[in-house]
Amino acid sequence: MTTHPRWRGRGLAAAAVTALCRRLRERVTHVTLNVKADNAAAVRLYGRLGFTRVADYGEYALHAHQR
């Protein structure tokens with residue numbers, strides 16, 4: 001999820017994630033997400049919403065070898 005820069009700081013992402021999580025929790029026991037560790041605003045938001053950090057993850061790419 002991303003918020004256009006002109007609309008940031010108005011609580012829109014928090015409202016959207018909260019609403020989505022409420023709907024998901026009606027059907028599932030766990031809601032998880034991935035966020036890049038350097039995305040400080042998102043990390044803060046998710047922490048405020050009750051998410052806790054459980055693991056680090058890496059992003060990897062596999063490129064075809066040119067012959």
# chains A, B, ... in the order shown; residues from 1 in each chain; ligands from 1
>>> residues_around(residues="segment 49-65 of chain A", least_positions_apart="6", cutoff="10 Å", atoms="only C-alpha atoms", output="PyMOL selection string")
chain A and resi 14-15+17-18+21+31-37+43
>>> write_last_selection(atoms="N, CA and C atoms", output="compact mmCIF listing (two decimals), in the first residue's frame")
# COMPACT_ATOMS: atom_id res chain seq x y z
N ALA A 14 -3.59 4.37 7.58
CA ALA A 14 -4.00 3.73 8.83
C ALA A 14 -5.45 3.27 8.76
N ALA A 15 -6.31 4.10 8.22
CA ALA A 15 -7.73 3.73 8.10
C ALA A 15 -7.91 2.55 7.16
N VAL A 17 -5.63 0.19 6.24
CA VAL A 17 -5.05 -1.04 6.79
C VAL A 17 -5.92 -1.57 7.93
N THR A 18 -6.40 -0.68 8.78
CA THR A 18 -7.27 -1.09 9.88
C THR A 18 -8.53 -1.77 9.36
N CYS A 21 -7.65 -5.19 7.88
CA CYS A 21 -7.33 -6.17 8.92
C CYS A 21 -8.59 -6.64 9.65
N VAL A 31 -2.74 -12.29 10.46
CA VAL A 31 -2.54 -11.36 9.36
C VAL A 31 -1.08 -10.95 9.41
N THR A 32 -0.39 -11.11 8.31
CA THR A 32 1.02 -10.74 8.25
C THR A 32 1.25 -9.82 7.07
N LEU A 33 2.36 -9.12 7.11
CA LEU A 33 2.74 -8.27 5.99
C LEU A 33 4.24 -8.19 5.93
N ASN A 34 4.74 -7.75 4.81
CA ASN A 34 6.17 -7.49 4.62
C ASN A 34 6.35 -6.01 4.39
N VAL A 35 7.39 -5.46 4.98
CA VAL A 35 7.71 -4.05 4.78
C VAL A 35 9.23 -3.93 4.80
N LYS A 36 9.76 -3.11 3.91
CA LYS A 36 11.20 -2.89 3.93
C LYS A 36 11.59 -2.18 5.21
N ALA A 37 12.66 -2.65 5.83
CA ALA A 37 13.10 -2.12 7.12
C ALA A 37 13.42 -0.63 7.06
N VAL A 43 6.90 1.27 8.96
CA VAL A 43 7.22 0.50 10.16
C VAL A 43 6.53 1.12 11.38
>>> select_by_dssp(residues="chain A", states="helix (DSSP H, G or I)", output="PyMOL selection string")
chain A and resi 5-7+12-25+40-48
>>> closest_residue(among="A:Leu20, A:Gln66, A:Ala13, A:His30", to="Met1 of chain A", atoms="only C-alpha atoms")
A:Ala13
>>> closest_residue(among="A:Ala16, A:Val28, A:Arg44, A:Arg23", to="Thr3 of chain A", atoms="only C-alpha atoms")
A:Ala16
>>> atom_distance(atom1="atom CA of Gly47 of chain A", atom2="atom CA of Leu24 of chain A")
17.9 Å
